[in-house]
file my_file32.txt (compact mmCIF, C-alpha atoms)
# COMPACT_ATOMS: atom_id res chain seq x y z
CA MET A 1 -36.84 15.50 1.04
CA TRP A 2 -34.23 12.71 0.94
CA ARG A 3 -34.59 11.96 4.63
CA GLU A 4 -38.15 10.89 3.99
CA ALA A 5 -36.95 8.58 1.22
CA LEU A 6 -34.53 6.90 3.60
CA ASP A 7 -35.57 5.06 6.73
CA LYS A 8 -33.49 6.65 9.48
CA ASN A 9 -34.01 3.65 11.71
CA MET A 10 -32.40 1.10 9.44
CA LYS A 11 -29.74 -1.21 10.81
CA ILE A 12 -26.45 -0.67 9.01
CA LEU A 13 -23.28 -2.78 9.09
CA VAL A 14 -20.05 -0.97 8.20
CA VAL A 15 -17.24 -3.31 7.08
CA ASP A 16 -13.64 -2.11 6.82
CA ASP A 17 -10.31 -3.41 8.11
CA PHE A 18 -9.26 0.19 8.92
CA SER A 19 -10.85 1.43 12.15
CA THR A 20 -10.50 5.07 11.03
CA MET A 21 -12.53 4.44 7.88
CA ARG A 22 -15.25 2.62 9.83
CA ARG A 23 -15.49 5.63 12.11
CA ILE A 24 -15.58 8.10 9.22
CA VAL A 25 -18.40 6.18 7.52
CA ARG A 26 -20.28 6.02 10.82
CA ASN A 27 -19.87 9.80 11.28
CA LEU A 28 -21.14 10.45 7.76
CA LEU A 29 -24.17 8.20 8.31
CA VAL A 30 -24.96 9.97 11.61
CA GLU A 31 -24.61 13.31 9.83
CA LEU A 32 -27.18 12.08 7.30
CA GLY A 33 -29.56 11.43 10.18
CA PHE A 34 -29.14 7.70 10.71
CA SER A 35 -29.32 6.45 14.27
CA ASN A 36 -25.85 5.99 15.76
CA PRO A 37 -26.73 3.02 18.02
CA LEU A 38 -28.19 1.15 15.02
CA ILE A 39 -24.89 1.31 13.14
CA GLN A 40 -22.57 -1.62 13.76
CA GLU A 41 -19.03 -2.31 12.61
CA ALA A 42 -17.02 -5.33 11.49
CA ALA A 43 -13.27 -5.41 10.84
CA THR A 44 -13.19 -8.69 8.93
CA THR A 45 -15.36 -10.38 6.36
CA ALA A 46 -15.55 -13.49 8.57
CA ARG A 47 -17.00 -11.40 11.42
CA THR A 48 -19.36 -9.75 8.91
CA GLN A 49 -20.73 -13.10 7.82
CA SER A 50 -21.37 -14.29 11.36
CA MET A 51 -23.04 -10.97 12.25
CA LEU A 52 -25.24 -11.07 9.16
CA ARG A 53 -26.36 -14.60 10.03
CA SER A 54 -27.14 -13.81 13.66
CA GLN A 55 -29.12 -10.56 13.28
CA PRO A 56 -31.07 -8.70 10.62
CA PHE A 57 -29.48 -5.75 8.79
CA ASP A 58 -31.01 -3.37 6.26
CA LEU A 59 -27.76 -2.28 4.59
CA VAL A 60 -24.09 -3.28 4.34
CA VAL A 61 -21.43 -0.68 3.54
CA THR A 62 -18.25 -2.57 2.75
CA ASP A 63 -14.70 -1.73 1.75
CA TRP A 64 -13.22 -3.51 -1.28
CA ASN A 65 -9.62 -3.91 -0.15
CA MET A 66 -9.42 -6.22 2.83
CA PRO A 67 -7.06 -9.03 3.76
CA ASN A 68 -8.17 -12.68 3.45
CA MET A 69 -11.50 -11.99 1.75
CA THR A 70 -12.10 -8.92 -0.40
CA GLY A 71 -15.31 -6.93 -0.50
CA ILE A 72 -16.25 -8.45 -3.85
CA ASP A 73 -15.92 -11.98 -2.42
CA LEU A 74 -18.03 -10.92 0.54
CA LEU A 75 -20.63 -9.56 -1.88
CA LYS A 76 -20.66 -12.86 -3.80
CA ALA A 77 -20.99 -14.80 -0.53
CA ILE A 78 -23.96 -12.61 0.50
CA ARG A 79 -25.67 -13.07 -2.86
CA ALA A 80 -25.11 -16.84 -2.65
CA GLU A 81 -26.86 -17.12 0.71
CA ALA A 82 -30.64 -17.53 0.40
CA SER A 83 -31.50 -15.49 3.50
CA LEU A 84 -29.16 -12.62 2.56
CA LYS A 85 -29.26 -12.42 -1.21
CA GLY A 86 -31.60 -9.41 -1.26
CA LEU A 87 -29.56 -7.40 1.26
CA PRO A 88 -28.51 -3.99 -0.15
CA VAL A 89 -24.71 -3.67 -0.40
CA LEU A 90 -22.84 -0.42 -0.97
CA MET A 91 -19.23 -0.97 -2.04
CA VAL A 92 -16.57 1.51 -0.97
CA THR A 93 -13.20 1.52 -2.72
CA ALA A 94 -10.05 3.59 -3.03
CA GLU A 95 -9.72 2.73 -6.70
CA ASN A 96 -11.83 4.07 -9.48
CA ASN A 97 -11.09 1.01 -11.57
CA ARG A 98 -13.36 0.19 -14.51
CA ASP A 99 -12.83 -3.58 -14.20
CA GLN A 100 -13.62 -3.47 -10.48
CA ILE A 101 -16.83 -1.53 -11.10
CA ILE A 102 -17.91 -4.05 -13.77
CA ALA A 103 -17.04 -7.00 -11.49
CA ALA A 104 -19.03 -5.43 -8.64
CA ALA A 105 -22.01 -4.74 -10.90
CA GLN A 106 -21.96 -8.30 -12.23
CA ALA A 107 -21.81 -9.68 -8.68
CA GLY A 108 -24.98 -7.70 -7.87
CA VAL A 109 -23.74 -4.64 -5.98
CA ASN A 110 -26.38 -1.99 -5.24
CA GLY A 111 -24.04 0.99 -5.21
CA TYR A 112 -20.38 1.86 -5.68
CA ILE A 113 -18.59 4.79 -4.07
CA VAL A 114 -14.99 5.96 -4.48
CA LYS A 115 -12.95 7.14 -1.46
CA PRO A 116 -12.58 9.81 -0.27
CA PHE A 117 -16.23 10.83 -0.44
CA THR A 118 -18.47 13.39 1.23
CA ALA A 119 -21.79 13.10 3.03
CA VAL A 120 -23.46 14.56 -0.06
CA THR A 121 -22.15 11.75 -2.30
CA LEU A 122 -23.07 9.11 0.28
CA LYS A 123 -26.56 10.58 0.53
CA GLU A 124 -26.97 10.46 -3.27
CA LYS A 125 -25.88 6.83 -3.50
CA LEU A 126 -28.05 5.68 -0.60
CA THR A 127 -31.09 7.54 -1.92
CA LYS A 128 -30.59 5.96 -5.33
CA ILE A 129 -30.21 2.47 -3.85
CA PHE A 130 -33.42 2.65 -1.83
CA GLU A 131 -35.38 4.40 -4.59
CA ARG A 132 -34.45 1.55 -6.92
CA ILE A 133 -35.39 -1.07 -4.35
CA ALA A 134 -38.72 0.71 -3.73
CA ALA A 135 -39.33 0.69 -7.49
CA GLY A 136 -38.79 -3.05 -7.54
CA GLY A 137 -35.29 -3.12 -9.04
CA VAL A 138 -32.31 -4.65 -7.29
CA ALA A 139 -28.76 -4.28 -8.57
CA ALA A 140 -27.14 -1.12 -9.88
CA MET B 1 33.83 -51.92 -39.57
CA ASN B 2 37.37 -53.10 -39.97
CA ALA B 3 37.79 -50.88 -42.97
CA ALA B 4 36.41 -47.79 -41.21
CA ALA B 5 38.40 -48.06 -37.96
CA PRO B 6 41.90 -47.79 -39.45
CA ALA B 7 40.74 -44.82 -41.55
CA LEU B 8 39.69 -42.98 -38.39
CA ALA B 9 42.79 -44.06 -36.53
CA MET B 10 44.88 -42.47 -39.24
CA ASP B 11 43.28 -39.07 -38.51
CA LYS B 12 46.17 -36.96 -37.20
CA ASP B 13 43.69 -34.50 -35.58
CA LEU B 14 42.46 -37.03 -33.03
CA PRO B 15 44.14 -37.00 -29.59
CA THR B 16 46.65 -39.82 -29.16
CA GLU B 17 44.68 -41.48 -26.37
CA LEU B 18 41.57 -41.58 -28.51
CA ARG B 19 43.48 -42.93 -31.50
CA GLU B 20 45.00 -45.67 -29.38
CA LEU B 21 41.61 -46.39 -27.91
CA LEU B 22 39.99 -46.80 -31.29
CA ASN B 23 42.72 -49.20 -32.33
CA SER B 24 42.49 -51.22 -29.13
CA PRO B 25 41.19 -54.75 -29.59
CA ASN B 26 40.12 -54.92 -25.90
CA GLY B 27 36.42 -53.93 -25.53
CA ALA B 28 36.50 -53.52 -21.73
CA GLU B 29 39.54 -51.29 -21.93
CA PHE B 30 37.80 -49.21 -24.58
CA GLU B 31 34.77 -48.64 -22.34
CA GLN B 32 36.88 -47.82 -19.30
CA ALA B 33 38.84 -45.24 -21.23
CA LEU B 34 35.66 -43.74 -22.64
CA ASP B 35 34.18 -43.54 -19.14
CA ALA B 36 37.33 -41.78 -17.93
CA ILE B 37 37.07 -39.17 -20.67
CA VAL B 38 33.38 -38.55 -19.98
CA ARG B 39 34.05 -38.30 -16.21
CA GLN B 40 36.83 -35.83 -16.82
CA ARG B 41 34.52 -33.68 -18.90
CA GLU B 42 31.77 -33.91 -16.26
CA GLN B 43 34.21 -32.87 -13.54
CA HIS B 44 35.15 -29.79 -15.56
CA MET B 45 31.49 -28.93 -15.92
CA PHE B 46 30.70 -29.50 -12.24
CA ARG B 47 33.72 -27.46 -11.19
CA ALA B 48 32.54 -24.62 -13.40
CA LEU B 49 29.00 -24.94 -12.05
CA GLY B 50 30.30 -25.03 -8.48
CA GLN B 51 32.34 -21.89 -9.10
CA LEU B 52 29.30 -20.21 -10.60
CA ALA B 53 27.17 -21.19 -7.59
CA ARG B 54 29.83 -19.93 -5.16
CA ASP B 55 30.07 -16.63 -7.03
CA LEU B 56 26.29 -16.32 -6.98
CA HIS B 57 26.17 -17.19 -3.28
CA ASP B 58 28.86 -14.60 -2.54
CA ALA B 59 26.98 -11.99 -4.54
CA VAL B 60 23.73 -12.75 -2.72
CA ARG B 61 25.56 -12.73 0.62
CA ARG B 62 27.12 -9.36 -0.20
CA LEU B 63 23.66 -8.04 -1.07
CA GLY B 64 22.35 -9.28 2.27
CA THR B 65 25.25 -7.72 4.15
CA ASP B 66 24.85 -4.45 2.25
CA LEU B 67 21.19 -4.37 3.15
CA ALA B 68 22.07 -4.92 6.79
CA GLN B 69 24.91 -2.39 6.94
CA ASP B 70 24.42 0.47 4.52
CA GLY B 71 20.74 1.03 4.71
CA PHE B 72 18.65 2.62 7.36
CA PRO B 73 16.70 0.98 8.93
CA GLY B 74 19.17 -1.78 9.63
CA ASN B 75 17.39 -4.83 8.31
CA VAL B 76 14.25 -6.07 6.65
CA ALA B 77 12.51 -6.88 9.93
CA ASP B 78 13.26 -3.35 11.20
CA ALA B 79 12.04 -1.83 7.95
CA ARG B 80 8.74 -3.68 8.19
CA GLN B 81 8.39 -2.72 11.85
CA TYR B 82 8.90 0.95 10.97
CA LEU B 83 6.10 0.70 8.43
CA GLN B 84 3.83 -0.93 11.01
CA ASP B 85 4.72 1.82 13.48
CA ALA B 86 3.89 4.50 10.90
CA LEU B 87 0.57 2.78 10.23
CA GLU B 88 -0.26 2.64 13.92
CA MET B 89 0.82 6.21 14.65
CA SER B 90 -1.18 7.58 11.73
CA ALA B 91 -4.25 5.62 12.86
CA ASN B 92 -3.88 7.00 16.40
CA ALA B 93 -3.51 10.54 15.07
CA ALA B 94 -6.61 10.16 12.89
CA HIS B 95 -8.60 8.74 15.82
CA ARG B 96 -7.57 11.63 18.06
CA THR B 97 -8.76 14.09 15.43
CA ILE B 98 -12.09 12.28 15.10
CA ASP B 99 -12.38 12.16 18.94
CA PHE B 100 -12.03 15.93 18.95
CA ALA B 101 -14.63 16.39 16.20
CA GLU B 102 -17.09 14.06 17.94
CA ARG B 103 -16.62 15.95 21.20
CA MET B 104 -17.07 19.38 19.63
CA ARG B 105 -19.98 18.66 17.31
CA PRO B 106 -22.67 18.34 20.02
CA GLN B 107 -21.37 21.58 21.55
CA ALA B 108 -21.72 23.36 18.21
CA GLU B 109 -25.23 21.96 17.82
CA ALA B 110 -26.16 23.09 21.34
CA LEU B 111 -24.86 26.59 20.59
CA THR B 112 -27.01 26.75 17.44
CA ILE B 113 -30.12 25.79 19.40
CA ASN B 114 -29.41 28.09 22.36
CA ALA B 115 -28.57 31.06 20.16
CA ALA B 116 -31.72 30.51 18.07
CA GLU B 117 -33.76 30.38 21.30
CA MET B 118 -32.18 33.61 22.49
CA LEU B 119 -33.05 35.34 19.19
CA LYS B 120 -36.72 34.69 19.88
CA TRP B 121 -36.53 36.80 23.04
CA SER B 122 -34.41 39.65 21.70
CA GLN B 123 -35.19 42.75 19.68
CA ASP B 124 -33.56 42.75 16.25
CA ASN B 125 -30.99 45.49 16.94
CA GLU B 126 -30.18 44.54 20.51
CA PRO B 127 -26.53 43.59 21.15
CA SER B 128 -27.70 40.17 22.40
CA ALA B 129 -29.50 39.55 19.08
CA VAL B 130 -26.40 40.50 17.11
CA LEU B 131 -24.32 38.14 19.26
CA ALA B 132 -26.92 35.38 18.93
CA ARG B 133 -26.95 35.67 15.13
CA GLU B 134 -23.16 35.59 15.03
CA SER B 135 -23.21 32.57 17.32
CA VAL B 136 -25.60 30.70 15.03
CA MET B 137 -23.36 31.39 12.03
CA PHE B 138 -20.24 30.43 13.95
CA ALA B 139 -21.81 27.22 15.26
CA GLU B 140 -23.05 26.25 11.80
CA GLY B 141 -19.58 26.90 10.36
CA CYS B 142 -18.04 24.78 13.12
CA ARG B 143 -20.46 21.93 12.54
CA GLU B 144 -19.67 21.86 8.80
CA GLY B 145 -15.96 22.26 9.42
CA LEU B 146 -15.91 19.43 11.95
CA ALA B 147 -17.74 17.17 9.51
CA GLU B 148 -15.12 17.98 6.86
CA LEU B 149 -12.37 17.39 9.41
CA VAL B 150 -13.69 13.87 9.96
CA VAL B 151 -13.92 13.10 6.23
CA ALA B 152 -10.40 14.50 5.74
CA GLN B 153 -9.11 11.71 8.00
CA SER B 154 -9.62 9.38 5.03
CA TRP B 155 -5.97 10.15 4.30
CA GLN B 156 -5.09 7.58 6.96
CA ASP B 157 -6.98 4.85 5.14
CA LEU B 158 -5.63 5.84 1.72
CA THR B 159 -1.98 6.12 2.83
CA GLY B 160 -2.38 3.06 5.08
CA GLN B 161 -3.44 0.93 2.10
CA ARG B 162 -0.22 1.94 0.33
CA ILE B 163 1.92 1.28 3.41
CA LYS B 164 0.40 -2.20 3.61
CA LYS B 165 1.19 -2.80 -0.06
CA VAL B 166 4.83 -1.75 0.45
CA ASP B 167 5.03 -3.98 3.53
CA ASN B 168 3.73 -6.97 1.53
CA PHE B 169 6.17 -6.16 -1.25
CA ILE B 170 9.12 -6.10 1.17
CA GLY B 171 7.88 -9.40 2.57
CA SER B 172 7.92 -11.02 -0.85
CA VAL B 173 11.37 -9.59 -1.67
CA GLU B 174 12.62 -10.98 1.64
CA SER B 175 11.27 -14.47 1.02
CA THR B 176 12.65 -14.46 -2.55
CA LEU B 177 16.05 -13.42 -1.21
CA LEU B 178 15.90 -16.17 1.42
CA GLU B 179 15.05 -18.74 -1.24
CA LEU B 180 17.94 -17.48 -3.37
CA VAL B 181 20.32 -17.76 -0.39
CA ARG B 182 19.09 -21.27 0.29
CA LEU B 183 19.47 -22.38 -3.32
CA THR B 184 22.86 -20.78 -3.92
CA GLY B 185 24.07 -22.06 -0.53
CA ALA B 186 23.12 -25.59 -1.50
CA LEU B 187 24.66 -25.24 -4.96
CA ALA B 188 27.88 -23.78 -3.58
CA GLY B 189 28.35 -26.93 -1.54
CA SER B 190 27.39 -25.66 1.88
CA ASP B 191 25.50 -28.25 3.86
CA LEU B 192 21.86 -27.36 3.68
CA PRO B 193 20.74 -26.49 7.19
CA ALA B 194 17.70 -28.45 8.32
CA SER B 195 15.89 -25.19 8.97
CA ALA B 196 16.14 -24.27 5.31
CA ALA B 197 13.46 -26.73 4.34
CA LYS B 198 10.66 -24.56 5.63
CA VAL B 199 10.89 -20.96 6.72
CA SER B 200 7.77 -19.62 8.31
CA SER B 201 8.71 -17.16 11.02
CA GLN B 202 10.96 -14.12 11.23
CA GLU B 203 13.13 -15.95 13.79
CA GLU B 204 13.58 -18.90 11.47
CA ALA B 205 14.39 -16.55 8.60
CA ASP B 206 17.01 -14.73 10.70
CA ARG B 207 18.51 -18.01 11.88
CA LEU B 208 18.71 -19.36 8.35
CA LEU B 209 20.38 -16.17 7.15
CA SER B 210 22.95 -16.33 9.96
CA GLU B 211 23.68 -19.97 9.17
CA PHE B 212 24.55 -18.85 5.67
CA GLY B 213 26.80 -16.10 6.97
CA PHE B 214 24.46 -13.13 6.73
call {"tool": "encode", "arguments": {"input": "my_file32.txt", "output": "C-alpha cells"}}
result
Amino acid sequence: MWREALDKNMKILVVDDFSTMRRIVRNLLVELGFSNPLIQEAATTARTQSMLRSQPFDLVVTDWNMPNMTGIDLLKAIRAEASLKGLPVLMVTAENNRDQIIAAAQAGVNGYIVKPFTAVTLKEKLTKIFERIAAGGVAA
Amino acid sequence: MNAAAPALAMDKDLPTELRELLNSPNGAEFEQALDAIVRQREQHMFRALGQLARDLHDAVRRLGTDLAQDGFPGNVADARQYLQDALEMSANAAHRTIDFAERMRPQAEALTINAAEMLKWSQDNEPSAVLARESVMFAEGCREGLAELVVAQSWQDLTGQRIKKVDNFIGSVESTLLELVRLTGALAGSDLPASAAKVSSQEEADRLLSEFGF
C-alpha cells in the first residue's frame, strides 16, 4: 500500500557528518524500496548546499548535530532559498528534545525522527510527509 | 586651619613621622613624605599580589605536571588522540559490519527466490519441498536479521557524538588552562613569551607550556 504512496524513483540526499549513519539511512531507504543509485550523500552542510543548487532532489534527510552548520541552520537556509523552499526535509536527531522539535517545526521541517530508528518508523514518517504534500499542506 | 593642625598634631595615636609631617611648615617636604608613605603601602600591596600570583602560577604548574605525570594517557594531546582513535576504530568496525550485511543480503534474497521456484516443481511432502520451505524461512529470517544488524550500527553514531563532545570539552579545558598559565606567568613576573599572545596550534600550545616550565 505505502509503496504506491511513495515514488520509489525519487532523488534523495542524505546529510550526516558520520559516514556510518549515512550508510544506515541509505540501507533503510533501499529496504523500503527506494532506488540505491538515486540516493546521494553529503558529509557537510556546505556540500549539501552546493549539491542542492546543482541538481534537483525530491527529499533531504538531514542530521541535526553537525559541525559548522547544524541541521536546523541548513533547514533555514533551504527555506530561505526561492528555488529550494518547497523541498521536503526530514530531520534526524539523537535527542528527543522538545525545544529542538519546536524549533524545527517553526523553521518548516516536514518530519522529525529520533535515532536510533527502524525502517518501519522511517516508512511512517516518509508516508506522512508525502501524503501531506499531496494534500496540499507543507510543514509538519 | 592653624587651630585644627596643632590639635591633630597633639594626637598621641598618630605615628611620629606623620605628626612631624603635619607640623612641618615646608609644603614640598610634606608632599614628598606623603608620597613616600603611599609608595611604601603600594609596594606592600604589590609584593602581596606578586606572592599571590607566584603561588597561583605554582599551583597551576603543579596541576599541569600532575596531568602529565600521574594520568594515563600522558598528556592532553595524547588523550584527544586516543578519543580520535576510538572514534575511527568504532567507525571502521561499524562499516565492516555493514559491508558484511550488504554482501549477505542479496544472497539471502536469491535463496528466497530460488527456494520458492523449487517449491513450484516439488510435491508437498517431498524432501526437496521440505528443504525449500525451510530455506525460504531461513532466508527471510536472515534478511530481517541483516537489516536489524545494519540499524544496530547506529551505536557508532550515538557513541561517536558523545566522544566528540568529550573531545571538545577537553579542548576547552586545555585552552582555559593555557590562558591561566599565561596570565599567572605574567602576574608572577615571568617575561611573557612572544608566543603567548596567540596560541592556535597544538605545537604552539606545547611550546608555550614548556616555556612556562610545564
call {"tool": "residues_around", "arguments": {"input": "my_file32.txt", "residues": "Ile24 (chain A)", "least_positions_apart": "4", "cutoff": "7 Å", "atoms": "all atoms listed in the file", "output": "ChimeraX atom specification"}}
result
/A:20,28 /B:150-151
call {"tool": "write_last_selection", "arguments": {"input": "my_file32.txt", "atoms": "C-alpha atoms", "output": "PDB file, in the frame of the given file"}}
result
ATOM      1  CA  THR A  20     -10.500   5.070  11.030  1.00  0.00           C
ATOM      2  CA  LEU A  28     -21.140  10.450   7.760  1.00  0.00           C
TER       3      LEU A  28
ATOM      4  CA  VAL B 150     -13.690  13.870   9.960  1.00  0.00           C
ATOM      5  CA  VAL B 151     -13.920  13.100   6.230  1.00  0.00           C
TER       6      VAL B 151
END
call {"tool": "closest_residue", "arguments": {"input": "my_file32.txt", "among": "A:Asp73, A:Gly86, A:Arg98, A:Gly33", "to": "Gly136 (chain A)", "atoms": "only C-alpha atoms"}}
result
A:Gly86
call {"tool": "atom_distance", "arguments": {"input": "my_file32.txt", "atom1": "CA of Ser172 (chain B)", "atom2": "CA of Asp58 (chain B)"}}
result
21.3 Å
call {"tool": "closest_atom_pairs", "arguments": {"input": "my_file32.txt", "of": "chain B", "to": "chain A", "cutoff": "10 Å", "atoms": "all atoms listed in the file", "output": "tab-separated table"}}
result
residue	atom	partner	partner_atom	distance
B:Ser90	CA	A:Thr20	CA	9.7
B:Ala91	CA	A:Thr20	CA	6.5
B:Asn92	CA	A:Thr20	CA	8.7
B:Ala93	CA	A:Thr20	CA	9.8
B:Ala94	CA	A:Thr20	CA	6.7
B:His95	CA	A:Thr20	CA	6.3
B:Ile98	CA	A:Ile24	CA	8.0
B:Asp99	CA	A:Arg23	CA	9.9
B:Ala101	CA	A:Asn27	CA	9.8
B:Glu102	CA	A:Asn27	CA	8.4
B:Arg143	CA	A:Glu31	CA	9.9
B:Glu144	CA	A:Glu31	CA	9.9
B:Ala147	CA	A:Leu28	CA	7.7
B:Glu148	CA	A:Thr118	CA	8.0
B:Leu149	CA	A:Ile24	CA	9.8
B:Val150	CA	A:Ile24	CA	6.1
B:Val151	CA	A:Ile24	CA	6.1
B:Ala152	CA	A:Pro116	CA	7.9
B:Gln153	CA	A:Thr20	CA	7.4
B:Ser154	CA	A:Pro116	CA	6.1
B:Trp155	CA	A:Pro116	CA	8.0
B:Gln156	CA	A:Thr20	CA	7.2
B:Asp157	CA	A:Met21	CA	6.2
B:Leu158	CA	A:Ala94	CA	6.9
B:Gly160	CA	A:Phe18	CA	8.4
B:Gln161	CA	A:Asn65	CA	8.2
call {"tool": "atom_distance", "arguments": {"input": "my_file32.txt", "atom1": "CA of Met89 (chain B)", "atom2": "CA of Thr159 (chain B)"}}
result
12.1 Å
call {"tool": "atom_distance", "arguments": {"input": "my_file32.txt", "atom1": "CA of Val114 (chain A)", "atom2": "CA of Ala42 (chain A)"}}
result
19.7 Å
call {"tool": "closest_residue", "arguments": {"input": "my_file32.txt", "among": "A:Ile72, A:Ala77, A:Leu59, A:Ile39", "to": "Gln106 (chain A)", "atoms": "all atoms listed in the file"}}
result
A:Ile72
